[in-house]
>>> print(open('run.cif').read())   # mmCIF, C-alpha atoms (C1' of nucleotides)
data_entry
#
loop_
_atom_site.label_atom_id
_atom_site.label_comp_id
_atom_site.auth_asym_id
_atom_site.auth_seq_id
_atom_site.Cartn_x
_atom_site.Cartn_y
_atom_site.Cartn_z
CA MET M 255 -18.54 20.74 32.14
CA ASP M 256 -19.53 19.02 35.32
CA ALA M 257 -18.97 15.29 35.44
CA VAL M 258 -21.98 14.64 37.66
CA LYS M 259 -24.22 16.57 35.31
CA ILE M 260 -22.94 14.72 32.24
CA LEU M 261 -23.60 11.39 33.91
CA SER M 262 -27.10 12.18 35.07
CA GLU M 263 -28.02 13.69 31.71
CA SER M 264 -27.04 10.40 30.10
CA GLY M 265 -29.20 8.48 32.54
CA LEU M 266 -26.28 7.02 34.45
CA ARG M 267 -25.83 6.97 38.18
CA ALA M 268 -23.27 9.47 39.32
CA THR M 269 -21.29 7.16 41.54
CA LYS M 270 -18.07 8.31 43.16
CA GLN M 271 -16.00 6.03 40.95
CA ARG M 272 -17.56 7.21 37.71
CA VAL M 273 -17.27 10.86 38.65
CA VAL M 274 -13.60 10.51 39.55
CA VAL M 275 -12.74 8.70 36.31
CA LEU M 276 -14.73 11.07 34.12
CA GLU M 277 -13.30 14.16 35.79
CA LEU M 278 -9.80 12.85 35.19
CA LEU M 279 -10.53 12.18 31.52
CA ILE M 280 -12.01 15.63 31.04
CA LYS M 281 -9.10 17.29 32.82
CA LYS M 282 -6.44 15.50 30.78
CA GLY M 283 -8.13 15.85 27.42
CA SER M 284 -5.97 13.26 25.70
CA PRO M 285 -6.74 9.55 25.41
CA LEU M 286 -5.66 7.59 28.46
CA SER M 287 -5.20 3.88 28.85
CA HIS M 288 -6.65 1.83 31.65
CA SER M 289 -3.30 1.58 33.40
CA GLU M 290 -2.62 5.31 33.00
CA ILE M 291 -5.96 6.15 34.57
CA SER M 292 -5.36 3.63 37.33
CA SER M 293 -2.03 5.14 38.30
CA MET M 294 -3.35 8.69 38.19
CA LEU M 295 -6.21 8.11 40.59
CA ALA M 296 -5.67 9.20 44.17
CA GLU M 297 -7.68 6.30 45.57
CA PRO M 298 -7.15 2.86 44.05
CA LEU M 299 -10.05 1.58 42.01
CA ASP M 300 -10.71 -2.06 41.29
CA LYS M 301 -9.55 -2.87 37.78
CA VAL M 302 -12.76 -4.60 36.80
CA THR M 303 -14.78 -1.63 37.97
CA LEU M 304 -12.59 0.65 35.91
CA TYR M 305 -13.06 -1.50 32.81
CA ARG M 306 -16.79 -1.52 33.32
CA THR M 307 -16.92 2.18 34.04
CA LEU M 308 -15.07 2.99 30.83
CA GLN M 309 -17.27 0.57 28.92
CA THR M 310 -20.38 2.26 30.31
CA LEU M 311 -19.12 5.74 29.50
CA GLN M 312 -18.29 4.62 25.98
CA SER M 313 -21.71 3.05 25.44
CA ALA M 314 -23.36 6.25 26.63
CA GLY M 315 -21.31 8.22 24.11
CA ILE M 316 -19.57 10.26 26.79
CA VAL M 317 -16.10 9.04 25.92
CA HIS M 318 -14.60 7.59 22.80
CA GLN M 319 -12.26 4.72 22.54
CA VAL M 320 -9.13 4.29 20.42
CA GLN M 321 -6.50 1.66 20.20
CA GLY M 322 -2.81 2.18 19.76
CA LEU M 323 -0.35 -0.09 18.02
CA ASP M 324 0.33 -1.60 21.42
CA GLY M 325 -3.13 -3.14 21.41
CA VAL M 326 -4.23 -1.12 24.41
CA TRP M 327 -7.50 0.75 24.50
CA ARG M 328 -7.40 4.41 25.36
CA PHE M 329 -10.36 6.50 26.39
CA CYS M 330 -10.94 10.18 25.87
CA ALA M 331 -13.71 12.51 27.00
CA HIS M 332 -14.12 15.38 24.61
CA ASP M 333 -16.14 18.46 25.09
CA GLN M 334 -19.61 17.29 24.07
CA GLY M 335 -20.06 20.17 21.66
CA MET M 336 -16.79 19.50 19.86
CA GLU M 337 -16.91 19.01 16.11
CA GLY M 338 -16.57 15.47 14.82
CA CYS M 339 -17.14 13.75 18.15
CA PRO M 340 -17.13 11.20 19.50
CA GLY M 341 -13.89 9.89 18.09
CA ASP M 342 -14.41 10.74 14.48
CA HIS M 343 -10.86 11.91 13.88
CA PRO M 344 -7.33 10.48 13.63
CA HIS M 345 -5.08 9.94 16.63
CA PHE M 346 -1.36 10.13 17.06
CA LEU M 347 0.56 7.62 19.16
CA CYS M 348 4.12 8.13 20.34
CA LEU M 349 5.90 4.78 20.10
CA HIS M 350 8.49 5.87 22.65
CA CYS M 351 6.49 7.21 25.57
CA GLY M 352 3.15 5.64 24.64
CA LYS M 353 1.33 8.96 24.84
CA MET M 354 -1.63 9.47 22.57
CA VAL M 355 -2.99 12.71 21.17
CA CYS M 356 -6.25 13.47 19.41
CA LEU M 357 -6.11 15.23 16.05
CA PRO M 358 -9.68 16.57 16.04
CA GLU M 359 -9.08 19.16 13.34
CA GLN M 360 -8.36 16.41 10.79
CA HIS M 361 -11.00 14.52 8.89
CA MET M 362 -11.31 10.80 8.42
CA PRO M 363 -10.82 9.70 4.84
CA ARG M 364 -13.41 8.02 2.71
CA VAL M 365 -12.59 4.37 2.03
CA GLU M 366 -14.19 2.30 -0.68
CA VAL M 367 -14.86 -1.29 0.32
CA PRO M 368 -15.81 -4.33 -1.77
CA LYS M 369 -19.51 -4.92 -2.36
CA GLY M 370 -21.35 -6.68 0.46
CA ILE M 371 -19.25 -5.25 3.24
CA LYS M 372 -21.11 -3.06 5.71
CA VAL M 373 -18.89 -0.42 7.29
CA GLU M 374 -19.66 0.54 10.88
CA GLY M 375 -16.68 2.75 11.55
CA LYS M 376 -13.01 3.31 11.01
CA GLN M 377 -9.93 4.09 13.00
CA LEU M 378 -6.85 5.94 11.84
CA VAL M 379 -3.77 5.89 14.01
CA VAL M 380 -0.67 7.85 13.05
CA TYR M 381 2.40 6.75 14.94
CA GLY M 382 5.93 7.97 15.41
CA CYS M 383 7.81 10.13 17.84
CA CYS M 384 6.33 13.01 19.78
CA ALA M 385 7.94 16.40 20.35
CA GLU M 386 9.07 15.53 23.87
CA CYS M 387 10.71 12.24 22.87
CA ALA M 388 12.33 13.40 19.64
CA PRO M 389 15.27 15.32 21.19
CA GLU M 390 16.17 12.37 23.40
CA GLN M 391 17.01 10.10 20.50
CA MET C 93 6.33 -17.26 -5.64
CA ASP C 94 8.37 -19.88 -3.84
CA ALA C 95 8.66 -19.44 -0.09
CA VAL C 96 12.15 -20.92 0.05
CA LYS C 97 13.34 -18.53 -2.62
CA ILE C 98 11.82 -15.48 -0.89
CA LEU C 99 13.52 -16.41 2.36
CA SER C 100 16.95 -17.00 0.88
CA GLU C 101 16.75 -13.82 -1.20
CA SER C 102 16.12 -11.91 2.02
CA GLY C 103 19.16 -13.51 3.60
CA LEU C 104 17.11 -15.65 5.97
CA ARG C 105 17.54 -19.33 6.61
CA ALA C 106 14.84 -21.34 4.93
CA THR C 107 13.99 -23.52 7.88
CA LYS C 108 11.07 -25.91 7.77
CA GLN C 109 9.07 -23.79 10.22
CA ARG C 110 9.53 -20.54 8.30
CA VAL C 111 8.71 -22.13 4.98
CA VAL C 112 5.51 -23.64 6.33
CA VAL C 113 4.34 -20.36 7.86
CA LEU C 114 5.24 -18.26 4.83
CA GLU C 115 3.61 -20.69 2.42
CA LEU C 116 0.42 -20.54 4.45
CA LEU C 117 0.43 -16.73 4.45
CA ILE C 118 1.02 -16.58 0.70
CA LYS C 119 -1.68 -19.15 0.02
CA LYS C 120 -4.30 -17.36 2.14
CA GLY C 121 -3.51 -13.86 0.95
CA SER C 122 -5.42 -12.14 3.76
CA PRO C 123 -4.00 -11.07 7.12
CA LEU C 124 -3.95 -13.92 9.64
CA SER C 125 -3.54 -13.74 13.37
CA HIS C 126 -1.12 -15.83 15.35
CA SER C 127 -3.87 -18.11 16.61
CA GLU C 128 -5.35 -18.50 13.14
CA ILE C 129 -1.98 -19.52 11.74
CA SER C 130 -1.42 -21.85 14.64
CA SER C 131 -4.67 -23.68 14.11
CA MET C 132 -4.18 -23.93 10.35
CA LEU C 133 -0.80 -25.62 10.54
CA ALA C 134 -0.76 -29.37 10.05
CA GLU C 135 2.08 -29.88 12.51
CA PRO C 136 1.96 -27.95 15.77
CA LEU C 137 4.52 -25.19 16.07
CA ASP C 138 5.74 -23.73 19.34
CA LYS C 139 4.02 -20.40 19.91
CA VAL C 140 7.23 -18.59 20.73
CA THR C 141 8.79 -19.82 17.51
CA LEU C 142 5.76 -18.62 15.59
CA TYR C 143 5.93 -15.18 17.18
CA ARG C 144 9.61 -14.92 16.40
CA THR C 145 9.15 -16.24 12.87
CA LEU C 146 6.51 -13.64 12.14
CA GLN C 147 8.66 -10.95 13.72
CA THR C 148 11.58 -11.98 11.52
CA LEU C 149 9.49 -12.04 8.36
CA GLN C 150 8.14 -8.61 9.21
CA SER C 151 11.62 -7.17 9.83
CA ALA C 152 12.77 -8.54 6.50
CA GLY C 153 9.85 -6.83 4.79
CA ILE C 154 8.38 -10.11 3.56
CA VAL C 155 5.13 -9.72 5.47
CA HIS C 156 3.29 -6.75 6.85
CA GLN C 157 1.60 -6.44 10.14
CA VAL C 158 -1.75 -4.91 11.02
CA GLN C 159 -3.80 -4.73 14.12
CA GLY C 160 -7.53 -5.08 14.40
CA LEU C 161 -9.84 -3.49 16.94
CA ASP C 162 -9.44 -6.66 18.96
CA GLY C 163 -5.83 -5.73 19.65
CA VAL C 164 -4.51 -8.78 17.86
CA TRP C 165 -1.72 -8.56 15.32
CA ARG C 166 -2.35 -10.04 11.92
CA PHE C 167 0.28 -10.83 9.33
CA CYS C 168 -0.03 -10.84 5.58
CA ALA C 169 2.38 -11.82 2.82
CA HIS C 170 1.62 -9.96 -0.36
CA ASP C 171 3.01 -10.57 -3.74
CA GLN C 172 6.31 -8.73 -3.59
CA GLY C 173 5.60 -6.78 -6.74
CA MET C 174 2.24 -5.51 -5.52
CA GLU C 175 1.64 -1.80 -5.51
CA GLY C 176 1.82 0.01 -2.19
CA CYS C 177 3.42 -2.82 -0.25
CA PRO C 178 4.28 -3.66 2.38
CA GLY C 179 1.17 -2.69 4.25
CA ASP C 180 0.69 0.78 2.87
CA HIS C 181 -3.05 0.50 2.50
CA PRO C 182 -6.20 0.29 4.66
CA HIS C 183 -7.59 -2.95 6.05
CA PHE C 184 -11.10 -4.10 6.76
CA LEU C 185 -11.96 -6.08 9.88
CA CYS C 186 -15.19 -7.99 10.35
CA LEU C 187 -16.30 -7.54 13.95
CA HIS C 188 -18.41 -10.69 13.81
CA CYS C 189 -16.12 -13.37 12.43
CA GLY C 190 -12.83 -11.55 13.03
CA LYS C 191 -11.69 -11.96 9.45
CA MET C 192 -9.49 -9.25 8.00
CA VAL C 193 -9.13 -8.20 4.39
CA CYS C 194 -6.56 -5.99 2.70
CA LEU C 195 -7.78 -3.06 0.64
CA PRO C 196 -4.65 -2.60 -1.47
CA GLU C 197 -6.31 -0.54 -4.17
CA GLN C 198 -7.04 2.23 -1.66
CA HIS C 199 -4.56 4.90 -0.67
CA MET C 200 -3.61 6.03 2.79
CA PRO C 201 -4.70 9.59 3.54
CA ARG C 202 -2.38 12.43 4.33
CA VAL C 203 -2.60 13.56 7.94
CA GLU C 204 -1.28 16.83 9.26
CA VAL C 205 0.24 16.60 12.71
CA PRO C 206 1.26 19.33 15.18
CA LYS C 207 4.77 20.69 14.84
CA GLY C 208 7.52 18.64 16.45
CA ILE C 209 5.87 15.30 15.90
CA LYS C 210 7.78 12.90 13.69
CA VAL C 211 5.51 10.50 11.83
CA GLU C 212 6.87 7.02 11.19
CA GLY C 213 3.76 5.41 9.78
CA LYS C 214 0.01 5.12 9.98
CA GLN C 215 -2.63 2.50 10.17
CA LEU C 216 -6.19 2.71 8.93
CA VAL C 217 -8.65 0.02 9.93
CA VAL C 218 -12.19 0.03 8.62
CA TYR C 219 -14.50 -2.21 10.60
CA GLY C 220 -18.00 -3.53 10.28
CA CYS C 221 -19.67 -6.62 8.92
CA CYS C 222 -18.39 -8.70 6.03
CA ALA C 223 -20.47 -10.14 3.21
CA GLU C 224 -20.61 -13.62 4.76
CA CYS C 225 -21.73 -12.39 8.17
CA ALA C 226 -24.23 -9.78 7.01
CA PRO C 227 -27.08 -12.17 6.04
CA GLU C 228 -26.87 -13.95 9.40
CA GLN C 229 -27.86 -10.91 11.34
"C1'" DG A 238 34.27 -34.08 5.52
"C1'" DA A 239 34.76 -32.49 10.67
"C1'" DA A 240 34.89 -28.96 13.95
"C1'" DA A 241 33.58 -24.32 15.29
"C1'" DA A 242 30.46 -20.59 15.05
"C1'" DA A 243 26.17 -18.74 14.31
"C1'" DA A 244 21.33 -19.00 13.83
"C1'" DC A 245 17.29 -21.02 15.15
"C1'" DT A 246 13.88 -23.78 17.98
"C1'" DG A 247 11.33 -25.31 21.95
"C1'" DC A 248 10.37 -25.26 26.83
"C1'" DA A 249 9.26 -23.00 31.22
"C1'" DA A 250 7.83 -19.19 33.28
"C1'" DC A 251 5.87 -14.79 33.35
"C1'" DA A 252 3.67 -9.93 32.42
"C1'" DC A 253 -0.20 -7.73 30.86
"C1'" DT A 254 -4.86 -6.76 29.22
"C1'" DC A 255 -9.29 -7.80 29.69
"C1'" DC A 256 -13.42 -10.87 30.94
"C1'" DT A 257 -16.99 -13.76 33.81
"C1'" DG A 258 -19.44 -15.11 37.93
"C1'" DC A 259 -21.03 -13.92 42.25
"C1'" DA A 260 -21.70 -11.84 46.69
"C1'" DA A 261 -21.74 -7.41 49.01
"C1'" DT A 262 -22.67 -2.61 48.72
"C1'" DT A 263 -24.57 1.75 47.16
"C1'" DG A 264 -27.63 5.23 44.89
"C1'" DC A 265 -32.07 6.56 43.80
"C1'" DA A 266 -37.07 6.82 43.88
"C1'" DA A 267 -41.25 6.02 46.08
"C1'" DT Z 108 -36.40 5.56 55.28
"C1'" DT Z 109 -36.88 1.56 52.93
"C1'" DG Z 110 -36.68 -1.54 48.97
"C1'" DC Z 111 -34.76 -2.71 44.81
"C1'" DA Z 112 -32.11 -2.31 40.88
"C1'" DA Z 113 -27.71 -0.77 39.60
"C1'" DT Z 114 -23.09 -0.83 40.73
"C1'" DT Z 115 -18.82 -2.34 42.92
"C1'" DG Z 116 -15.09 -5.38 44.42
"C1'" DC Z 117 -13.10 -9.86 44.79
"C1'" DA Z 118 -11.56 -14.39 43.01
"C1'" DG Z 119 -10.30 -16.64 39.25
"C1'" DG Z 120 -9.26 -17.26 34.43
"C1'" DA Z 121 -8.59 -16.78 29.18
"C1'" DG Z 122 -5.76 -15.02 25.60
"C1'" DT Z 123 -1.81 -12.50 23.68
"C1'" DG Z 124 2.72 -11.70 23.70
"C1'" DT Z 125 7.58 -11.70 26.01
"C1'" DT Z 126 12.14 -13.21 28.19
"C1'" DG Z 127 15.78 -16.40 29.45
"C1'" DC Z 128 18.08 -20.34 28.48
"C1'" DA Z 129 19.38 -24.90 27.02
"C1'" DG Z 130 19.47 -27.78 23.15
"C1'" DT Z 131 19.33 -28.40 18.12
"C1'" DT Z 132 20.13 -27.33 13.39
"C1'" DT Z 133 22.37 -24.90 9.79
"C1'" DT Z 134 26.25 -22.52 7.90
"C1'" DT Z 135 31.05 -21.44 7.76
"C1'" DT Z 136 35.86 -22.44 8.08
"C1'" DC Z 137 39.54 -25.22 7.81
#
>>> encode(input="run.cif", output="structure tokens")
Amino acid sequence: MDAVKILSESGLRATKQRVVVLELLIKKGSPLSHSEISSMLAEPLDKVTLYRTLQTLQSAGIVHQVQGLDGVWRFCAHDQGMEGCPGDHPHFLCLHCGKMVCLPEQHMPRVEVPKGIKVEGKQLVVYGCCAECAPEQ
Amino acid sequence: MDAVKILSESGLRATKQRVVVLELLIKKGSPLSHSEISSMLAEPLDKVTLYRTLQTLQSAGIVHQVQGLDGVWRFCAHDQGMEGCPGDHPHFLCLHCGKMVCLPEQHMPRVEVPKGIKVEGKQLVVYGCCAECAPEQ
DNA sequence: GAAAAAACTGCAACACTCCTGCAATTGCAA
DNA sequence: TTGCAATTGCAGGAGTGTTGCAGTTTTTTC
């Protein structure tokens, strides 16, 4: 899917910065943090612009946003047609390398909450050690 | 349960600072952030000491630690005999007032992960609007 | 008890994430 | 092409959490 097309279809301006960030997210497929994105970009991008870009993409529903145990937000652009999107699935976080992986084939559980509470969403993060880090221990 | 007794049974020194923090956590019952604890204490406590105290209590298994969508760690001291402790249950976070509540009667779901990944734990945060904030909207 | 050892606290300084305000620039439509 | 709204980049700052180290308190040992 073309980044420019996705942006314009969502009513957003296809600026160079947005296209570059979105293309990177689509290419990688797994959730990336702000600093990961920043270091992967060929041309440096102002950090505030990157925050705002990600915020905009998230508001438009193009990317979804998850948080690891490290308190850092990660952003992921899934194929728009993908089941259970955006972000309606668990994520795995490797505590050793900090890499995050989507688990889109899994479902989110149903959680009962006390009366009066209005649920807007939920987030399930599974953490541990990924396949690449495990042998090193 | 007496804070001094809990500390000494865990092999920790029952210093004034630890007792005060632990007593507050037991009294409140719901997960509190560092800044919330700090502002609730009668006598000011150095922030580094508070971080280390909470870290120590968590390592000893006296409190459990959860993170909200705001990226802030919250600590909660449950009754030691409580089912599914420490921290093996979902939590609810109010996005409006930032208050967090334990949902200890709920179970954590089972999540299948790709081969090679070693799971060490999981965290499920349900977010939305609590009963006190809902009418204000 | 008193001295030695260990554990703990508090201070200074710092890294990192993320946000606000504002001026300069850019993309898009007429 | 021109005008304007949307977007970007810069300066500065708030909040969370950490490290190093010196000084204090508690426990242990004699």
>>> resolve_selection(input="run.cif", expression="the PyMOL selection byres ((chain M and resi 323-332) around 6)", output="list in words")
Leu279, Ile280, Ser284, Pro285, Leu286, Ser287, Val317, His318, Gln319, Val320, Gln321, Gly322, Asp333 and Gln334 of chain M; Gly163 of chain C
>>> closest_atom_pairs(input="run.cif", of="chain Z", to="chain M", cutoff="9 Å", atoms="only C-alpha atoms (C1' of nucleotides)", output="JSON lines")
{"residue": "Z:DA113", "atom": "C1'", "partner": "M:Arg267", "partner_atom": "CA", "distance": 8.1}
{"residue": "Z:DT114", "atom": "C1'", "partner": "M:Thr269", "partner_atom": "CA", "distance": 8.2}
{"residue": "Z:DT115", "atom": "C1'", "partner": "M:Thr303", "partner_atom": "CA", "distance": 6.4}
{"residue": "Z:DG116", "atom": "C1'", "partner": "M:Asp300", "partner_atom": "CA", "distance": 6.3}
{"residue": "Z:DC117", "atom": "C1'", "partner": "M:Asp300", "partner_atom": "CA", "distance": 8.9}
>>> closest_atom_pairs(input="run.cif", of="chain A", to="chain M", cutoff="8 Å", atoms="all atoms listed in the file", output="JSON lines")
{"residue": "A:DT254", "atom": "C1'", "partner": "M:Val326", "partner_atom": "CA", "distance": 7.4}
{"residue": "A:DC255", "atom": "C1'", "partner": "M:Tyr305", "partner_atom": "CA", "distance": 8.0}
{"residue": "A:DG264", "atom": "C1'", "partner": "M:Arg267", "partner_atom": "CA", "distance": 7.2}
>>> interface_residues(input="run.cif", of="chain C", to="chain M", cutoff="8 Å", atoms="all atoms listed in the file", output="JSON, numbers by chain")
{"C": [159, 161, 162, 163, 164, 184, 195, 198, 201, 203, 204, 205, 207, 208, 209, 210, 211, 212, 213, 214, 215, 216, 217, 218, 219, 220, 221, 222, 223, 226]}
>>> calpha_fit_and_write(input="run.cif", fixed="chain C", moving="chain M", output="mmCIF file with C-alpha atoms, keeping the file's coordinate frame")
data_model
loop_
_atom_site.group_PDB
_atom_site.id
_atom_site.type_symbol
_atom_site.label_atom_id
_atom_site.label_comp_id
_atom_site.auth_asym_id
_atom_site.auth_seq_id
_atom_site.Cartn_x
_atom_site.Cartn_y
_atom_site.Cartn_z
ATOM 1 C CA MET M 255 6.484 -17.203 -5.638
ATOM 2 C CA ASP M 256 8.485 -19.802 -3.824
ATOM 3 C CA ALA M 257 8.732 -19.402 -0.080
ATOM 4 C CA VAL M 258 12.229 -20.866 0.114
ATOM 5 C CA LYS M 259 13.450 -18.488 -2.553
ATOM 6 C CA ILE M 260 11.919 -15.453 -0.841
ATOM 7 C CA LEU M 261 13.594 -16.386 2.421
ATOM 8 C CA SER M 262 17.031 -16.972 0.983
ATOM 9 C CA GLU M 263 16.853 -13.798 -1.094
ATOM 10 C CA SER M 264 16.224 -11.879 2.115
ATOM 11 C CA GLY M 265 19.216 -13.505 3.760
ATOM 12 C CA LEU M 266 17.153 -15.667 6.079
ATOM 13 C CA ARG M 267 17.567 -19.352 6.682
ATOM 14 C CA ALA M 268 14.875 -21.361 5.003
ATOM 15 C CA THR M 269 13.949 -23.501 7.961
ATOM 16 C CA LYS M 270 11.008 -25.875 7.797
ATOM 17 C CA GLN M 271 9.001 -23.752 10.212
ATOM 18 C CA ARG M 272 9.527 -20.517 8.319
ATOM 19 C CA VAL M 273 8.723 -22.092 4.978
ATOM 20 C CA VAL M 274 5.495 -23.604 6.279
ATOM 21 C CA VAL M 275 4.317 -20.332 7.835
ATOM 22 C CA LEU M 276 5.247 -18.230 4.820
ATOM 23 C CA GLU M 277 3.632 -20.635 2.373
ATOM 24 C CA LEU M 278 0.425 -20.504 4.379
ATOM 25 C CA LEU M 279 0.437 -16.703 4.413
ATOM 26 C CA ILE M 280 1.044 -16.532 0.681
ATOM 27 C CA LYS M 281 -1.669 -19.087 -0.028
ATOM 28 C CA LYS M 282 -4.299 -17.323 2.072
ATOM 29 C CA GLY M 283 -3.508 -13.808 0.935
ATOM 30 C CA SER M 284 -5.428 -12.124 3.730
ATOM 31 C CA PRO M 285 -4.009 -11.077 7.096
ATOM 32 C CA LEU M 286 -3.962 -13.906 9.607
ATOM 33 C CA SER M 287 -3.563 -13.751 13.341
ATOM 34 C CA HIS M 288 -1.141 -15.840 15.320
ATOM 35 C CA SER M 289 -3.895 -18.131 16.552
ATOM 36 C CA GLU M 290 -5.386 -18.497 13.063
ATOM 37 C CA ILE M 291 -2.021 -19.518 11.664
ATOM 38 C CA SER M 292 -1.467 -21.881 14.569
ATOM 39 C CA SER M 293 -4.732 -23.708 14.004
ATOM 40 C CA MET M 294 -4.215 -23.942 10.258
ATOM 41 C CA LEU M 295 -0.835 -25.621 10.441
ATOM 42 C CA ALA M 296 -0.771 -29.369 9.947
ATOM 43 C CA GLU M 297 2.044 -29.855 12.447
ATOM 44 C CA PRO M 298 1.895 -27.911 15.706
ATOM 45 C CA LEU M 299 4.464 -25.170 16.020
ATOM 46 C CA ASP M 300 5.668 -23.739 19.292
ATOM 47 C CA LYS M 301 3.943 -20.430 19.920
ATOM 48 C CA VAL M 302 7.134 -18.580 20.724
ATOM 49 C CA THR M 303 8.721 -19.822 17.529
ATOM 50 C CA LEU M 304 5.712 -18.629 15.590
ATOM 51 C CA TYR M 305 5.903 -15.182 17.181
ATOM 52 C CA ARG M 306 9.578 -14.959 16.393
ATOM 53 C CA THR M 307 9.115 -16.249 12.879
ATOM 54 C CA LEU M 308 6.470 -13.633 12.141
ATOM 55 C CA GLN M 309 8.631 -10.961 13.733
ATOM 56 C CA THR M 310 11.565 -11.994 11.546
ATOM 57 C CA LEU M 311 9.480 -12.032 8.384
ATOM 58 C CA GLN M 312 8.129 -8.599 9.233
ATOM 59 C CA SER M 313 11.587 -7.161 9.886
ATOM 60 C CA ALA M 314 12.779 -8.532 6.558
ATOM 61 C CA GLY M 315 9.864 -6.815 4.830
ATOM 62 C CA ILE M 316 8.390 -10.080 3.590
ATOM 63 C CA VAL M 317 5.134 -9.698 5.470
ATOM 64 C CA HIS M 318 3.300 -6.724 6.842
ATOM 65 C CA GLN M 319 1.591 -6.440 10.125
ATOM 66 C CA VAL M 320 -1.780 -4.915 11.013
ATOM 67 C CA GLN M 321 -3.805 -4.765 14.136
ATOM 68 C CA GLY M 322 -7.528 -5.131 14.441
ATOM 69 C CA LEU M 323 -9.803 -3.539 16.994
ATOM 70 C CA ASP M 324 -9.387 -6.705 19.020
ATOM 71 C CA GLY M 325 -5.779 -5.777 19.699
ATOM 72 C CA VAL M 326 -4.468 -8.806 17.856
ATOM 73 C CA TRP M 327 -1.708 -8.581 15.301
ATOM 74 C CA ARG M 328 -2.351 -10.044 11.896
ATOM 75 C CA PHE M 329 0.279 -10.824 9.314
ATOM 76 C CA CYS M 330 -0.028 -10.825 5.565
ATOM 77 C CA ALA M 331 2.394 -11.778 2.808
ATOM 78 C CA HIS M 332 1.672 -9.868 -0.345
ATOM 79 C CA ASP M 333 3.082 -10.461 -3.730
ATOM 80 C CA GLN M 334 6.400 -8.616 -3.532
ATOM 81 C CA GLY M 335 5.709 -6.680 -6.707
ATOM 82 C CA MET M 336 2.325 -5.452 -5.516
ATOM 83 C CA GLU M 337 1.701 -1.720 -5.524
ATOM 84 C CA GLY M 338 1.805 0.055 -2.184
ATOM 85 C CA CYS M 339 3.439 -2.770 -0.255
ATOM 86 C CA PRO M 340 4.246 -3.652 2.371
ATOM 87 C CA GLY M 341 1.107 -2.688 4.219
ATOM 88 C CA ASP M 342 0.625 0.761 2.842
ATOM 89 C CA HIS M 343 -3.131 0.468 2.467
ATOM 90 C CA PRO M 344 -6.263 0.275 4.639
ATOM 91 C CA HIS M 345 -7.630 -2.967 6.046
ATOM 92 C CA PHE M 346 -11.120 -4.125 6.781
ATOM 93 C CA LEU M 347 -11.975 -6.103 9.903
ATOM 94 C CA CYS M 348 -15.209 -8.010 10.382
ATOM 95 C CA LEU M 349 -16.283 -7.558 14.001
ATOM 96 C CA HIS M 350 -18.404 -10.701 13.860
ATOM 97 C CA CYS M 351 -16.116 -13.367 12.453
ATOM 98 C CA GLY M 352 -12.821 -11.568 13.078
ATOM 99 C CA LYS M 353 -11.712 -11.968 9.475
ATOM 100 C CA MET M 354 -9.499 -9.293 8.020
ATOM 101 C CA VAL M 355 -9.170 -8.220 4.407
ATOM 102 C CA CYS M 356 -6.608 -6.022 2.703
ATOM 103 C CA LEU M 357 -7.847 -3.093 0.631
ATOM 104 C CA PRO M 358 -4.716 -2.625 -1.494
ATOM 105 C CA GLU M 359 -6.414 -0.561 -4.180
ATOM 106 C CA GLN M 360 -7.114 2.228 -1.666
ATOM 107 C CA HIS M 361 -4.638 4.885 -0.687
ATOM 108 C CA MET M 362 -3.696 6.021 2.774
ATOM 109 C CA PRO M 363 -4.740 9.574 3.518
ATOM 110 C CA ARG M 364 -2.406 12.409 4.279
ATOM 111 C CA VAL M 365 -2.601 13.520 7.910
ATOM 112 C CA GLU M 366 -1.262 16.793 9.208
ATOM 113 C CA VAL M 367 0.326 16.554 12.637
ATOM 114 C CA PRO M 368 1.380 19.265 15.097
ATOM 115 C CA LYS M 369 4.895 20.641 14.734
ATOM 116 C CA GLY M 370 7.635 18.558 16.344
ATOM 117 C CA ILE M 371 5.964 15.229 15.789
ATOM 118 C CA LYS M 372 7.846 12.829 13.540
ATOM 119 C CA VAL M 373 5.548 10.436 11.700
ATOM 120 C CA GLU M 374 6.890 6.950 11.028
ATOM 121 C CA GLY M 375 3.751 5.364 9.670
ATOM 122 C CA LYS M 376 0.018 5.092 9.919
ATOM 123 C CA GLN M 377 -2.633 2.448 10.124
ATOM 124 C CA LEU M 378 -6.203 2.673 8.915
ATOM 125 C CA VAL M 379 -8.645 -0.006 9.943
ATOM 126 C CA VAL M 380 -12.212 0.003 8.657
ATOM 127 C CA TYR M 381 -14.495 -2.227 10.662
ATOM 128 C CA GLY M 382 -18.003 -3.560 10.363
ATOM 129 C CA CYS M 383 -19.690 -6.630 9.010
ATOM 130 C CA CYS M 384 -18.428 -8.705 6.120
ATOM 131 C CA ALA M 385 -20.521 -10.131 3.292
ATOM 132 C CA GLU M 386 -20.637 -13.606 4.820
ATOM 133 C CA CYS M 387 -21.759 -12.402 8.256
ATOM 134 C CA ALA M 388 -24.260 -9.781 7.124
ATOM 135 C CA PRO M 389 -27.105 -12.163 6.143
ATOM 136 C CA GLU M 390 -26.874 -13.979 9.466
ATOM 137 C CA GLN M 391 -27.863 -10.955 11.502
#
>>> resolve_selection(input="run.cif", expression="the PyMOL selection byres ((chain Z and resi 137) around 10)", output="ChimeraX atom specification")
/A:239-241 /Z:135-136
